[in-house]
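Asks: Quick one: the structure is below, questions incoming.
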Amino acid sequence: PIITYFGRRKGMVFVLGMSCACFLLGMIPWQWSELWSFERLMTMASIIGVSAAFALAFLYTNELAPTTHRGLVLSSCSIIARGAAFVGPFVSEIFESSTVKLGVNAVLAGSAALICLLLPETRKLPIPEQTQDVTARRKKQGLVELCG
């Protein structure tokens with residue numbers, strides 16, 4: 001639904017930006033009961049955005065890669081995602097302060113949102129068959145060539 005109306009790139013930037021904002025808002029020290037705090041509420045809201053971005057990454061990756069490279073690109077995406085999911089809980093044990101943990105997550109989500117702005121939009125476009133199709137799409141959309 002978000003990606004149907006706004007596209008893959010804008011949808012990815014939106015959910016990652018929402019997660020970043022929720023992580024930053026979670027730093028506000030406001031506790032209204034013994035169990036519930038504003039930090040907990042914002043962390044739960046940011047998990048929704050991160051989960052949506054996780055699922056959207058696989059869809060978007062399929063549409064970015066040409067058919068000739070799609071298996072390699074998708075398996076690389078899966079390896080990186082699974083590795084990050086494995087390391088994430090250990091990284092959170094490094095920091096004592098929950099504010100620092102939220103800050104690190106906000107920086108990661110915000111950086112990912114900004115990096116997604118460099119990707120081409122794939123909404124209502126055919127899936128590329130060859131590498132030349134991807135290059136032509138990037139030139140047509142006026143995106144920066146980073147590797148050459």
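In the structure tokens, each chain is lettered A, B, ... as it comes, each chain's residues begin at 1, and ligands are numbered from 1 in order of appearance.
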What's around Ala55 of chain A at 12 Å? Count only C-alpha atoms, leave out sequence neighbours fewer than 4 positions away in its own chain, and write the answer as a ChimeraX atom specification.

Replies: /A:3,8,11-12,15-16,48-51,59-62,77-78,81

Asks: Name all residues at most 8 Å from Leu108 of chain A (count only C-alpha atoms; drop same-chain ones fewer than 4 positions away) and give them as a PyMOL selection string.

Replies: chain A and resi 20+104+112

Asks: Take the residues that were just selected and, keeping N, CA and C atoms, output them as a short mmCIF file (atom, residue, chain, number, x, y, z; two decimals), in the first residue's frame.

Replies:
```cif
data_model
loop_
_atom_site.label_atom_id
_atom_site.label_comp_id
_atom_site.auth_asym_id
_atom_site.auth_seq_id
_atom_site.Cartn_x
_atom_site.Cartn_y
_atom_site.Cartn_z
N CYS A 20 13.67 6.26 12.22
CA CYS A 20 14.67 7.18 12.76
C CYS A 20 14.02 8.19 13.69
N VAL A 104 22.15 5.20 18.34
CA VAL A 104 22.83 4.38 17.33
C VAL A 104 21.81 3.86 16.31
N ALA A 112 20.47 4.81 6.37
CA ALA A 112 19.88 3.93 5.35
C ALA A 112 18.84 4.67 4.52
#
```

Asks: May I ask for the distance between atom CA of Arg138 of chain A and atom CA of Thr122 of chain A, given in Å to one decimal place?

Replies: 10.5 Å

Asks: Give me the residues of segment 2-77 of chain A that have any atom at most 9 Å from an atom of segment 84-100 of chain A; for each, the nearest atom pair and the distance in Å, rounded to one decimal. Use only C-alpha atoms, sort by chain and number, and format it as a Markdown table.

Replies:
```
| residue | atom | partner | partner_atom | distance |
| --- | --- | --- | --- | --- |
| A:Leu24 | CA | A:Thr99 | CA | 8.7 |
| A:Gly26 | CA | A:Thr99 | CA | 8.0 |
| A:Met27 | CA | A:Thr99 | CA | 5.5 |
| A:Ile28 | CA | A:Thr99 | CA | 8.7 |
| A:Glu39 | CA | A:Ser98 | CA | 8.9 |
```

Asks: Would you please give, as number ranges by chain, all residues of segment 29-74 of chain A that DSSP assigns to alpha helix (DSSP H) based on the backbone?

Replies: A: 38-64, 70-74

Asks: Please report the interatomic distance between atom CA of Pro120 of chain A and atom CA of Leu102 of chain A in Å with one decimal.

Replies: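 For atom CA of Pro120 of chain A relative to atom CA of Leu102 of chain A, the distance reads 29.4 Å.
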
Asks: In Å, rounded to a single decimal, give me how far atom CA of Gln130 of chain A is from atom CA of Arg82 of chain A.

Replies: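 Between atom CA of Arg82 of chain A and atom CA of Gln130 of chain A the gap is 27.7 Å.
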
Asks: Can you list, as number ranges by chain, every protein, DNA or RNA residue that comes within 9 Å of Ala106 of chain A when you count only C-alpha atoms, leaving out same-chain residues fewer than 4 positions away?

Replies: A: 17, 19-24, 101-102, 110-111

Asks: How would the residues just picked look written out with all heavy atoms as a PDB file, in the first residue's frame?

Replies:
```pdb
ATOM      1  N   GLY A  17      12.792   6.621   7.599  1.00  0.00           N
ATOM      2  CA  GLY A  17      12.742   7.938   8.242  1.00  0.00           C
ATOM      3  C   GLY A  17      11.818   7.942   9.441  1.00  0.00           C
ATOM      4  O   GLY A  17      12.118   8.558  10.475  1.00  0.00           O
ATOM      5  N   SER A  19      11.185   5.345  11.306  1.00  0.00           N
ATOM      6  CA  SER A  19      11.901   4.615  12.345  1.00  0.00           C
ATOM      7  C   SER A  19      12.943   5.503  13.010  1.00  0.00           C
ATOM      8  O   SER A  19      13.082   5.501  14.237  1.00  0.00           O
ATOM      9  CB  SER A  19      12.586   3.383  11.763  1.00  0.00           C
ATOM     10  OG  SER A  19      11.631   2.484  11.283  1.00  0.00           O
ATOM     11  N   CYS A  20      13.670   6.262  12.217  1.00  0.00           N
ATOM     12  CA  CYS A  20      14.671   7.178  12.764  1.00  0.00           C
ATOM     13  C   CYS A  20      14.020   8.191  13.691  1.00  0.00           C
ATOM     14  O   CYS A  20      14.507   8.427  14.802  1.00  0.00           O
ATOM     15  CB  CYS A  20      15.400   7.876  11.615  1.00  0.00           C
ATOM     16  SG  CYS A  20      16.614   9.095  12.152  1.00  0.00           S
ATOM     17  N   ALA A  21      12.911   8.777  13.257  1.00  0.00           N
ATOM     18  CA  ALA A  21      12.200   9.758  14.092  1.00  0.00           C
ATOM     19  C   ALA A  21      11.697   9.125  15.386  1.00  0.00           C
ATOM     20  O   ALA A  21      11.788   9.732  16.461  1.00  0.00           O
ATOM     21  CB  ALA A  21      11.049  10.367  13.297  1.00  0.00           C
ATOM     22  N   CYS A  22      11.170   7.922  15.296  1.00  0.00           N
ATOM     23  CA  CYS A  22      10.675   7.246  16.503  1.00  0.00           C
ATOM     24  C   CYS A  22      11.806   6.921  17.465  1.00  0.00           C
ATOM     25  O   CYS A  22      11.651   7.059  18.686  1.00  0.00           O
ATOM     26  CB  CYS A  22       9.904   5.979  16.134  1.00  0.00           C
ATOM     27  SG  CYS A  22       8.305   6.297  15.400  1.00  0.00           S
ATOM     28  N   PHE A  23      12.960   6.503  16.938  1.00  0.00           N
ATOM     29  CA  PHE A  23      14.106   6.248  17.809  1.00  0.00           C
ATOM     30  C   PHE A  23      14.548   7.535  18.502  1.00  0.00           C
ATOM     31  O   PHE A  23      14.864   7.535  19.686  1.00  0.00           O
ATOM     32  CB  PHE A  23      15.282   5.655  17.021  1.00  0.00           C
ATOM     33  CG  PHE A  23      15.157   4.184  16.732  1.00  0.00           C
ATOM     34  CD1 PHE A  23      15.317   3.699  15.454  1.00  0.00           C
ATOM     35  CD2 PHE A  23      14.899   3.282  17.747  1.00  0.00           C
ATOM     36  CE1 PHE A  23      15.221   2.345  15.179  1.00  0.00           C
ATOM     37  CE2 PHE A  23      14.799   1.917  17.497  1.00  0.00           C
ATOM     38  CZ  PHE A  23      14.959   1.461  16.202  1.00  0.00           C
ATOM     39  N   LEU A  24      14.564   8.640  17.762  1.00  0.00           N
ATOM     40  CA  LEU A  24      14.966   9.919  18.355  1.00  0.00           C
ATOM     41  C   LEU A  24      13.950  10.386  19.396  1.00  0.00           C
ATOM     42  O   LEU A  24      14.321  10.875  20.463  1.00  0.00           O
ATOM     43  CB  LEU A  24      15.148  10.974  17.268  1.00  0.00           C
ATOM     44  CG  LEU A  24      16.352  10.768  16.352  1.00  0.00           C
ATOM     45  CD1 LEU A  24      16.336  11.781  15.222  1.00  0.00           C
ATOM     46  CD2 LEU A  24      17.653  10.855  17.129  1.00  0.00           C
ATOM     47  N   LYS A 101      21.764   3.602  22.834  1.00  0.00           N
ATOM     48  CA  LYS A 101      21.249   2.543  21.966  1.00  0.00           C
ATOM     49  C   LYS A 101      20.257   3.106  20.953  1.00  0.00           C
ATOM     50  O   LYS A 101      20.312   2.785  19.762  1.00  0.00           O
ATOM     51  CB  LYS A 101      20.559   1.458  22.788  1.00  0.00           C
ATOM     52  CG  LYS A 101      21.477   0.660  23.666  1.00  0.00           C
ATOM     53  CD  LYS A 101      20.681  -0.322  24.500  1.00  0.00           C
ATOM     54  CE  LYS A 101      21.531  -0.995  25.541  1.00  0.00           C
ATOM     55  NZ  LYS A 101      20.776  -1.931  26.363  1.00  0.00           N
ATOM     56  N   LEU A 102      19.336   3.955  21.441  1.00  0.00           N
ATOM     57  CA  LEU A 102      18.366   4.569  20.539  1.00  0.00           C
ATOM     58  C   LEU A 102      19.056   5.487  19.542  1.00  0.00           C
ATOM     59  O   LEU A 102      18.669   5.561  18.372  1.00  0.00           O
ATOM     60  CB  LEU A 102      17.314   5.336  21.345  1.00  0.00           C
ATOM     61  CG  LEU A 102      16.362   4.479  22.173  1.00  0.00           C
ATOM     62  CD1 LEU A 102      15.528   5.352  23.099  1.00  0.00           C
ATOM     63  CD2 LEU A 102      15.474   3.649  21.283  1.00  0.00           C
ATOM     64  N   GLY A 110      18.481   6.450   9.825  1.00  0.00           N
ATOM     65  CA  GLY A 110      18.566   7.684   9.043  1.00  0.00           C
ATOM     66  C   GLY A 110      19.566   7.582   7.909  1.00  0.00           C
ATOM     67  O   GLY A 110      19.314   8.059   6.792  1.00  0.00           O
ATOM     68  N   SER A 111      20.708   6.940   8.163  1.00  0.00           N
ATOM     69  CA  SER A 111      21.708   6.750   7.110  1.00  0.00           C
ATOM     70  C   SER A 111      21.169   5.862   5.991  1.00  0.00           C
ATOM     71  O   SER A 111      21.376   6.144   4.811  1.00  0.00           O
ATOM     72  CB  SER A 111      22.974   6.111   7.694  1.00  0.00           C
ATOM     73  OG  SER A 111      23.521   6.918   8.688  1.00  0.00           O
TER      74      SER A 111
END
```

Asks: Within 8 Å of Thr68 of chain A, counting only C-alpha atoms, which residues show up once you throw out same-chain ones fewer than 3 positions away? Write them as a list in words, please.

Replies: Gly71, Glu129, Gln130 and Thr131 of chain A

Asks: Once you have the residues from the selection above, write them out as a short mmCIF file (atom, residue, chain, number, x, y, z; two decimals), in the first residue's frame, restricted to C-alpha atoms.

Replies:
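The resulting file, selection.cif, is shown below:
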```cif
data_model
loop_
_atom_site.label_atom_id
_atom_site.label_comp_id
_atom_site.auth_asym_id
_atom_site.auth_seq_id
_atom_site.Cartn_x
_atom_site.Cartn_y
_atom_site.Cartn_z
CA GLY A 71 20.06 -14.53 -7.67
CA GLU A 129 16.65 -8.12 -18.10
CA GLN A 130 20.28 -7.14 -18.77
CA THR A 131 22.89 -4.95 -17.09
#
```

Asks: Out of A:Asn105, A:Thr135, A:Ala113, A:Gln141, which residue has the shortest atom-to-atom distance to Phe14 of chain A when counting only C-alpha atoms?

Replies: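 Among the listed residues, the smallest separation from Phe14 of chain A belongs to A:Ala113.
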
Asks: Considering only C-alpha atoms, can you say which of A:Gly7, A:Met44, A:Arg137, A:Phe58 comes closest to Arg70 of chain A?

Replies: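 With only C-alpha atoms as the atom set, the closest residue is A:Phe58.
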
Asks: In terms of the shortest atom-to-atom distance over only C-alpha atoms, which of A:Val73, A:Lys124, A:Met42, A:Pro66 is closest to Ala136 of chain A?

Replies: A:Pro66
